[in-house]
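Student: Handing you this structure, nothing more for now.
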Number of protein chains: 2
Amino acid sequence: MDQLHLQNQLCFPLYALSRQMTALYRPYLDKLDLTYPQYLVMLLLWQHERLSIKEIGCELWLDSGTLTPLLKRMEETGLVSRVRCLQDERIVHVQLTKDGKLLQKKAIGIPDHIFSELSISNSQLKSLKKELSDILRKLEKK
Amino acid sequence: MDQLHLQNQLCFPLYALSRQMTALYRPYLDKLDLTYPQYLVMLLLWQHERLSIKEIGCELWLDSGTLTPLLKRMEETGLVSRVRCLQDERIVHVQLTKDGKLLQKKAIGIPDHIFSELSISNSQLKSLKKELSDILRKLEKK
DNA sequence: TTTTTATTAATTGTGCACAATCTAATTTTG
DNA sequence: CAAAATTAGATTGTGCACAATTAATAAAAA
(Lines give C-alpha, C1' and ligand atoms only; values in the text may rest on other atoms or scores of the structure.)
Protein backbone atom coordinates (compact mmCIF):
# COMPACT_ATOMS: atom_id res chain seq x y z
CA MET A 1 0.00 0.00 0.00
CA ASP A 2 2.99 2.25 0.60
CA GLN A 3 3.53 2.34 -3.12
CA LEU A 4 0.42 4.45 -3.41
CA HIS A 5 1.81 7.12 -1.07
CA LEU A 6 2.51 10.42 -2.75
CA GLN A 7 5.94 10.64 -1.16
CA ASN A 8 7.02 7.36 -2.73
CA GLN A 9 6.32 8.36 -6.31
CA LEU A 10 9.04 9.51 -8.69
CA CYS A 11 6.43 11.04 -10.90
CA PHE A 12 5.34 13.62 -8.38
CA PRO A 13 8.60 15.50 -7.70
CA LEU A 14 9.17 15.41 -11.44
CA TYR A 15 5.79 16.96 -12.09
CA ALA A 16 6.06 19.50 -9.28
CA LEU A 17 9.64 20.50 -10.04
CA SER A 18 8.91 20.88 -13.71
CA ARG A 19 6.18 23.38 -12.90
CA GLN A 20 8.32 25.19 -10.34
CA MET A 21 11.12 25.47 -12.86
CA THR A 22 8.87 27.17 -15.36
CA ALA A 23 7.73 29.43 -12.52
CA LEU A 24 11.39 30.28 -11.97
CA TYR A 25 11.67 31.31 -15.63
CA ARG A 26 8.42 33.27 -15.63
CA PRO A 27 9.66 36.67 -14.35
CA TYR A 28 12.47 36.68 -16.93
CA LEU A 29 10.26 35.46 -19.76
CA ASP A 30 7.52 37.95 -18.90
CA LYS A 31 10.00 40.70 -19.75
CA LEU A 32 10.39 39.18 -23.22
CA ASP A 33 6.65 38.54 -23.61
CA LEU A 34 7.31 34.82 -23.93
CA THR A 35 5.72 31.82 -22.27
CA TYR A 36 7.94 28.90 -21.36
CA PRO A 37 6.98 26.68 -24.34
CA GLN A 38 7.41 29.68 -26.61
CA TYR A 39 10.89 30.17 -25.14
CA LEU A 40 11.73 26.57 -26.06
CA VAL A 41 10.65 27.25 -29.64
CA MET A 42 12.85 30.33 -29.66
CA LEU A 43 15.83 28.30 -28.41
CA LEU A 44 15.37 25.99 -31.37
CA LEU A 45 15.00 28.79 -33.89
CA TRP A 46 18.04 30.63 -32.61
CA GLN A 47 19.94 27.45 -33.44
CA HIS A 48 18.26 26.52 -36.73
CA GLU A 49 17.44 28.99 -39.46
CA ARG A 50 14.23 27.25 -40.47
CA LEU A 51 12.20 24.36 -39.09
CA SER A 52 8.95 22.69 -40.02
CA ILE A 53 6.24 22.34 -37.39
CA LYS A 54 6.88 18.63 -37.51
CA GLU A 55 10.57 19.14 -36.69
CA ILE A 56 9.77 21.47 -33.81
CA GLY A 57 7.30 18.92 -32.51
CA CYS A 58 9.90 16.14 -32.67
CA GLU A 59 12.43 18.19 -30.73
CA LEU A 60 9.99 19.36 -28.06
CA TRP A 61 7.77 16.26 -27.99
CA LEU A 62 4.73 18.39 -28.79
CA ASP A 63 2.00 17.78 -31.37
CA SER A 64 0.28 20.07 -33.84
CA GLY A 65 -2.66 20.63 -31.52
CA THR A 66 -0.27 22.41 -29.20
CA LEU A 67 2.09 23.96 -31.71
CA THR A 68 -0.29 25.32 -34.33
CA PRO A 69 -2.03 27.82 -32.03
CA LEU A 70 1.21 28.57 -30.15
CA LEU A 71 3.04 29.43 -33.37
CA LYS A 72 0.11 31.50 -34.59
CA ARG A 73 0.34 33.54 -31.40
CA MET A 74 4.07 33.96 -31.95
CA GLU A 75 3.35 35.07 -35.50
CA GLU A 76 0.87 37.64 -34.20
CA THR A 77 3.43 39.04 -31.77
CA GLY A 78 5.86 39.33 -34.66
CA LEU A 79 8.53 36.84 -33.58
CA VAL A 80 8.17 34.22 -36.31
CA SER A 81 6.82 33.83 -39.81
CA ARG A 82 5.00 30.75 -41.04
CA VAL A 83 5.38 29.88 -44.72
CA ARG A 84 3.90 26.90 -46.48
CA CYS A 85 6.52 24.93 -48.39
CA LEU A 86 6.20 25.22 -52.16
CA GLN A 87 7.66 21.80 -52.92
CA ASP A 88 5.42 19.99 -50.42
CA GLU A 89 2.39 21.97 -49.46
CA ARG A 90 1.65 19.83 -46.44
CA ILE A 91 4.65 21.36 -44.70
CA VAL A 92 4.75 24.72 -42.91
CA HIS A 93 8.19 26.26 -42.42
CA VAL A 94 8.74 28.44 -39.39
CA GLN A 95 11.52 31.00 -39.14
CA LEU A 96 12.41 34.02 -37.08
CA THR A 97 11.61 37.57 -38.07
CA LYS A 98 14.18 40.29 -37.48
CA ASP A 99 12.54 40.98 -34.10
CA GLY A 100 12.73 37.29 -33.26
CA LYS A 101 16.45 37.20 -33.98
CA LEU A 102 17.07 40.37 -32.00
CA LEU A 103 15.30 38.93 -28.97
CA GLN A 104 18.22 36.58 -28.41
CA LYS A 105 20.27 39.46 -27.04
CA LYS A 106 17.70 40.01 -24.30
CA ALA A 107 17.56 36.32 -23.46
CA ILE A 108 21.27 35.75 -23.18
CA GLY A 109 21.45 36.16 -19.43
CA ILE A 110 18.52 33.94 -18.52
CA PRO A 111 20.30 30.58 -18.09
CA ASP A 112 22.79 32.10 -15.66
CA HIS A 113 20.04 33.73 -13.62
CA ILE A 114 18.19 30.42 -13.36
CA PHE A 115 21.34 28.52 -12.49
CA SER A 116 22.19 30.85 -9.65
CA GLU A 117 18.66 30.68 -8.28
CA LEU A 118 18.79 26.90 -8.31
CA SER A 119 21.95 27.00 -6.19
CA ILE A 120 23.16 23.54 -7.12
CA SER A 121 26.63 22.63 -8.34
CA ASN A 122 27.45 22.54 -11.99
CA SER A 123 28.35 18.87 -11.78
CA GLN A 124 25.08 17.97 -10.09
CA LEU A 125 23.21 19.91 -12.73
CA LYS A 126 24.97 18.04 -15.50
CA SER A 127 24.48 14.61 -14.01
CA LEU A 128 20.83 15.31 -13.31
CA LYS A 129 20.32 16.53 -16.85
CA LYS A 130 21.97 13.38 -18.15
CA GLU A 131 19.88 11.06 -15.97
CA LEU A 132 16.65 12.68 -17.10
CA SER A 133 17.69 12.70 -20.73
CA ASP A 134 18.65 9.01 -20.54
CA ILE A 135 15.23 8.05 -19.21
CA LEU A 136 13.61 10.22 -21.84
CA ARG A 137 15.59 8.50 -24.57
CA LYS A 138 14.54 5.12 -23.26
CA LEU A 139 10.87 6.12 -23.38
CA GLU A 140 11.32 7.49 -26.88
CA LYS A 141 11.90 4.04 -28.26
CA LYS A 142 8.46 2.82 -27.27
CA MET B 1 25.75 31.50 -26.62
CA ASP B 2 25.89 27.77 -25.98
CA GLN B 3 23.89 28.35 -22.84
CA LEU B 4 20.91 29.13 -25.01
CA HIS B 5 21.05 25.73 -26.72
CA LEU B 6 18.12 23.51 -25.96
CA GLN B 7 20.39 20.57 -25.24
CA ASN B 8 22.20 22.47 -22.51
CA GLN B 9 19.12 23.27 -20.46
CA LEU B 10 18.15 21.28 -17.39
CA CYS B 11 14.65 22.65 -17.61
CA PHE B 12 13.90 20.97 -20.91
CA PRO B 13 14.41 17.28 -20.05
CA LEU B 14 12.57 18.00 -16.83
CA TYR B 15 9.64 19.44 -18.75
CA ALA B 16 9.65 16.76 -21.44
CA LEU B 17 10.09 13.84 -19.06
CA SER B 18 7.38 15.11 -16.77
CA ARG B 19 4.94 15.06 -19.66
CA GLN B 20 6.12 11.68 -20.88
CA MET B 21 5.70 10.26 -17.41
CA THR B 22 2.09 11.35 -17.28
CA ALA B 23 1.69 9.82 -20.73
CA LEU B 24 3.04 6.58 -19.24
CA TYR B 25 0.34 6.70 -16.57
CA ARG B 26 -2.42 7.59 -19.00
CA PRO B 27 -3.46 4.11 -20.20
CA TYR B 28 -3.74 2.90 -16.60
CA LEU B 29 -5.51 6.01 -15.38
CA ASP B 30 -7.93 5.95 -18.31
CA LYS B 31 -9.23 2.65 -16.98
CA LEU B 32 -10.02 4.39 -13.68
CA ASP B 33 -11.44 7.48 -15.38
CA LEU B 34 -8.78 9.62 -13.75
CA THR B 35 -6.44 12.27 -15.09
CA TYR B 36 -2.95 12.49 -13.69
CA PRO B 37 -3.57 15.47 -11.36
CA GLN B 38 -6.78 13.77 -10.21
CA TYR B 39 -4.74 10.65 -9.44
CA LEU B 40 -2.45 12.76 -7.25
CA VAL B 41 -5.47 14.03 -5.34
CA MET B 42 -6.64 10.45 -4.90
CA LEU B 43 -3.21 9.43 -3.55
CA LEU B 44 -3.55 12.14 -0.93
CA LEU B 45 -7.10 11.21 0.01
CA TRP B 46 -6.28 7.52 0.29
CA GLN B 47 -3.76 8.60 2.93
CA HIS B 48 -5.77 11.29 4.70
CA GLU B 49 -9.42 10.95 5.63
CA ARG B 50 -10.21 14.60 5.01
CA LEU B 51 -8.33 17.56 3.56
CA SER B 52 -9.14 21.18 2.83
CA ILE B 53 -8.55 22.53 -0.65
CA LYS B 54 -5.78 24.63 0.84
CA GLU B 55 -4.07 21.54 2.23
CA ILE B 56 -4.33 19.69 -1.09
CA GLY B 57 -2.90 22.74 -2.80
CA CYS B 58 0.05 22.86 -0.38
CA GLU B 59 0.88 19.22 -0.94
CA LEU B 60 0.58 19.34 -4.74
CA TRP B 61 1.77 22.93 -5.23
CA LEU B 62 -1.47 23.80 -7.00
CA ASP B 63 -3.74 26.78 -6.44
CA SER B 64 -7.50 27.05 -6.18
CA GLY B 65 -7.87 28.09 -9.80
CA THR B 66 -6.66 24.61 -10.70
CA LEU B 67 -8.16 22.65 -7.84
CA THR B 68 -11.66 24.07 -7.60
CA PRO B 69 -12.81 22.94 -11.06
CA LEU B 70 -10.80 19.71 -10.83
CA LEU B 71 -12.47 18.78 -7.53
CA LYS B 72 -15.88 19.72 -8.89
CA ARG B 73 -15.33 17.30 -11.75
CA MET B 74 -14.30 14.63 -9.28
CA GLU B 75 -17.44 15.34 -7.29
CA GLU B 76 -19.53 14.93 -10.44
CA THR B 77 -17.95 11.58 -11.20
CA GLY B 78 -18.76 10.53 -7.66
CA LEU B 79 -15.27 10.09 -6.22
CA VAL B 80 -15.22 12.86 -3.63
CA SER B 81 -17.57 15.02 -1.64
CA ARG B 82 -16.98 18.71 -0.94
CA VAL B 83 -18.37 20.08 2.31
CA ARG B 84 -18.00 23.61 3.55
CA CYS B 85 -16.68 23.69 7.09
CA LEU B 86 -19.26 24.79 9.66
CA GLN B 87 -16.81 26.38 12.04
CA ASP B 88 -15.04 28.38 9.34
CA GLU B 89 -17.13 28.80 6.25
CA ARG B 90 -14.20 29.90 4.11
CA ILE B 91 -12.86 26.35 4.20
CA VAL B 92 -14.03 23.48 1.99
CA HIS B 93 -13.33 19.96 3.21
CA VAL B 94 -12.80 17.24 0.63
CA GLN B 95 -13.18 13.55 1.38
CA LEU B 96 -13.67 10.33 -0.52
CA THR B 97 -17.01 8.75 -1.21
CA LYS B 98 -17.41 5.01 -0.89
CA ASP B 99 -16.63 4.70 -4.62
CA GLY B 100 -13.55 6.82 -4.15
CA LYS B 101 -12.28 4.55 -1.39
CA LEU B 102 -13.00 1.44 -3.42
CA LEU B 103 -11.04 2.78 -6.37
CA GLN B 104 -7.82 2.21 -4.44
CA LYS B 105 -8.10 -1.52 -5.09
CA LYS B 106 -8.01 -0.88 -8.83
CA ALA B 107 -5.05 1.48 -8.54
CA ILE B 108 -2.88 -0.76 -6.44
CA GLY B 109 -0.89 -2.21 -9.32
CA ILE B 110 -0.14 1.05 -11.10
CA PRO B 111 3.20 1.98 -9.46
CA ASP B 112 4.66 -1.43 -10.30
CA HIS B 113 3.52 -1.20 -13.90
CA ILE B 114 5.12 2.22 -14.27
CA PHE B 115 8.32 1.09 -12.58
CA SER B 116 8.73 -1.84 -14.91
CA GLU B 117 8.09 0.30 -17.97
CA LEU B 118 10.73 2.78 -16.82
CA SER B 119 13.29 -0.02 -16.64
CA ILE B 120 15.65 1.72 -14.29
CA SER B 121 17.08 0.29 -11.10
CA ASN B 122 15.40 0.80 -7.77
CA SER B 123 18.44 2.59 -6.41
CA GLN B 124 18.58 4.98 -9.35
CA LEU B 125 14.90 5.67 -8.94
CA LYS B 126 15.36 6.50 -5.29
CA SER B 127 18.37 8.73 -5.77
CA LEU B 128 16.70 10.57 -8.61
CA LYS B 129 13.58 11.10 -6.52
CA LYS B 130 15.72 12.43 -3.72
CA GLU B 131 17.64 14.81 -5.95
CA LEU B 132 14.46 16.26 -7.42
CA SER B 133 12.79 16.54 -4.03
CA ASP B 134 15.86 18.30 -2.61
CA ILE B 135 15.79 20.92 -5.33
CA LEU B 136 12.06 21.30 -4.87
CA ARG B 137 12.53 21.84 -1.15
CA LYS B 138 15.13 24.49 -1.82
CA LEU B 139 12.78 26.36 -4.13
CA GLU B 140 9.99 26.11 -1.59
CA LYS B 141 11.82 28.43 0.77
CA LYS B 142 11.70 31.33 -1.65
C1' DT C 1 -16.25 46.96 19.86
C1' DT C 2 -15.49 48.72 15.49
C1' DT C 3 -12.05 48.79 12.00
C1' DT C 4 -8.44 46.74 9.66
C1' DT C 5 -5.98 42.98 8.03
C1' DA C 6 -5.45 37.92 6.99
C1' DT C 7 -7.11 33.93 5.05
C1' DT C 8 -9.75 30.67 2.10
C1' DA C 9 -12.23 29.71 -2.00
C1' DA C 10 -14.36 30.86 -6.12
C1' DT C 11 -14.27 33.14 -10.57
C1' DT C 12 -12.44 34.81 -14.95
C1' DG C 13 -9.33 34.82 -18.67
C1' DT C 14 -5.25 33.15 -21.26
C1' DG C 15 -2.28 29.58 -22.76
C1' DC C 16 -0.80 25.23 -22.97
C1' DA C 17 -1.28 19.71 -23.62
C1' DC C 18 -3.24 16.11 -25.91
C1' DA C 19 -6.85 12.91 -27.88
C1' DA C 20 -9.62 12.50 -31.82
C1' DT C 21 -11.01 13.82 -36.14
C1' DC C 22 -10.53 16.04 -40.57
C1' DT C 23 -8.41 17.87 -44.88
C1' DA C 24 -5.19 18.17 -48.27
C1' DA C 25 -1.04 16.69 -50.36
C1' DT C 26 2.23 13.13 -51.38
C1' DT C 27 3.92 8.42 -51.82
C1' DT C 28 3.35 3.73 -52.53
C1' DT C 29 1.10 -0.23 -54.77
C1' DG C 30 -1.24 -2.90 -57.90
C1' DC D 1 -1.86 5.32 -64.62
C1' DA D 2 -5.57 4.90 -60.48
C1' DA D 3 -6.52 3.37 -55.81
C1' DA D 4 -4.85 2.93 -51.31
C1' DA D 5 -1.96 4.26 -47.70
C1' DT D 6 0.81 7.62 -45.48
C1' DT D 7 2.04 12.15 -43.96
C1' DA D 8 1.69 17.21 -42.26
C1' DG D 9 -0.92 20.24 -40.36
C1' DA D 10 -5.41 22.22 -38.72
C1' DT D 11 -9.53 21.87 -35.89
C1' DT D 12 -12.37 20.71 -31.94
C1' DG D 13 -13.12 19.60 -27.31
C1' DT D 14 -11.64 18.63 -22.52
C1' DG D 15 -8.72 19.41 -18.71
C1' DC D 16 -5.21 21.37 -16.50
C1' DA D 17 -2.02 25.61 -14.74
C1' DC D 18 -1.76 29.99 -13.09
C1' DA D 19 -2.33 35.17 -12.75
C1' DA D 20 -5.54 38.43 -11.16
C1' DT D 21 -9.68 39.68 -9.06
C1' DT D 22 -13.57 39.14 -5.95
C1' DA D 23 -16.30 37.63 -1.93
C1' DA D 24 -16.89 35.87 2.44
C1' DT D 25 -15.20 34.97 6.81
C1' DA D 26 -12.25 35.19 10.70
C1' DA D 27 -8.58 37.14 13.52
C1' DA D 28 -6.00 41.08 15.11
C1' DA D 29 -5.48 45.87 16.20
C1' DA D 30 -7.01 50.36 17.46
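Chain labels A, B, ... are given in the sequence in which chains occur in the C-alpha coordinates; within each chain residues are numbered consecutively from 1, and ligands are likewise numbered from 1 in the order shown.
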What residues in chain A have any atom no more than 8 Å from chain B when counting only C-alpha atoms, and can you write them as a PyMOL selection string?

Tutor: chain A and resi 1+3-6+9-22+40+43-44+47+60-61+108+111+118+125-126+128-129+132-133+135-136+138-139

Student: Using only C-alpha atoms (C1' of nucleotides), what table do you get, as a Markdown table, when you list each residue of chain A with an atom no more than 8 Å from chain D, its nearest pair of atoms, and their distance in Å rounded to one decimal, rows by chain then rising number?

Tutor:
```
| residue | atom | partner | partner_atom | distance |
| --- | --- | --- | --- | --- |
| A:Lys54 | CA | D:DA8 | C1' | 7.2 |
| A:Ser64 | CA | D:DG9 | C1' | 6.6 |
| A:Gly65 | CA | D:DA10 | C1' | 7.9 |
| A:Thr68 | CA | D:DA10 | C1' | 7.4 |
| A:Arg90 | CA | D:DA8 | C1' | 4.9 |
| A:Ile91 | CA | D:DA8 | C1' | 5.6 |
| A:Val92 | CA | D:DG9 | C1' | 7.7 |
```

Student: Could you tell me, as a ChimeraX atom specification, which residues of stretch 35-133 of chain A DSSP assigns to helix (DSSP H, G or I) when given the backbone?

Tutor: /A:36-47,53-60,64-76,98-107,110-118,122-133

Student: Can you tell me which residues surround B:Arg82 at a distance of at most 7 Å, considering only C-alpha atoms (C1' of nucleotides), apart from same-chain residues fewer than 5 positions away, and format the answer as a PyMOL selection string?

Tutor: chain B and resi 92-95

Student: Would you give me, as an MDAnalysis selection string, the residues of chain C that come within 8 Å of chain B, using only C-alpha atoms (C1' of nucleotides)?

Tutor: chainID C and resid 8:10

Student: One number please: atom C1' of C:DG13 to atom CA of A:Pro27, in Å, one decimal.

Tutor: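 Pair atom C1' of C:DG13 / atom CA of A:Pro27 returns 19.6 Å.
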
Student: Which value, in Å to one decimal, gives the distance between atom CA of A:Arg50 and atom C1' of C:DT21?

Tutor: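 Atom-to-atom, atom CA of A:Arg50 and atom C1' of C:DT21 are spaced 28.9 Å apart.
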
Student: Please identify the strand (DSSP E) residues within chain A (assignment by DSSP from backbone atoms) and present them as a PyMOL selection string.

Tutor: chain A and resi 50-52+80-84+92-96
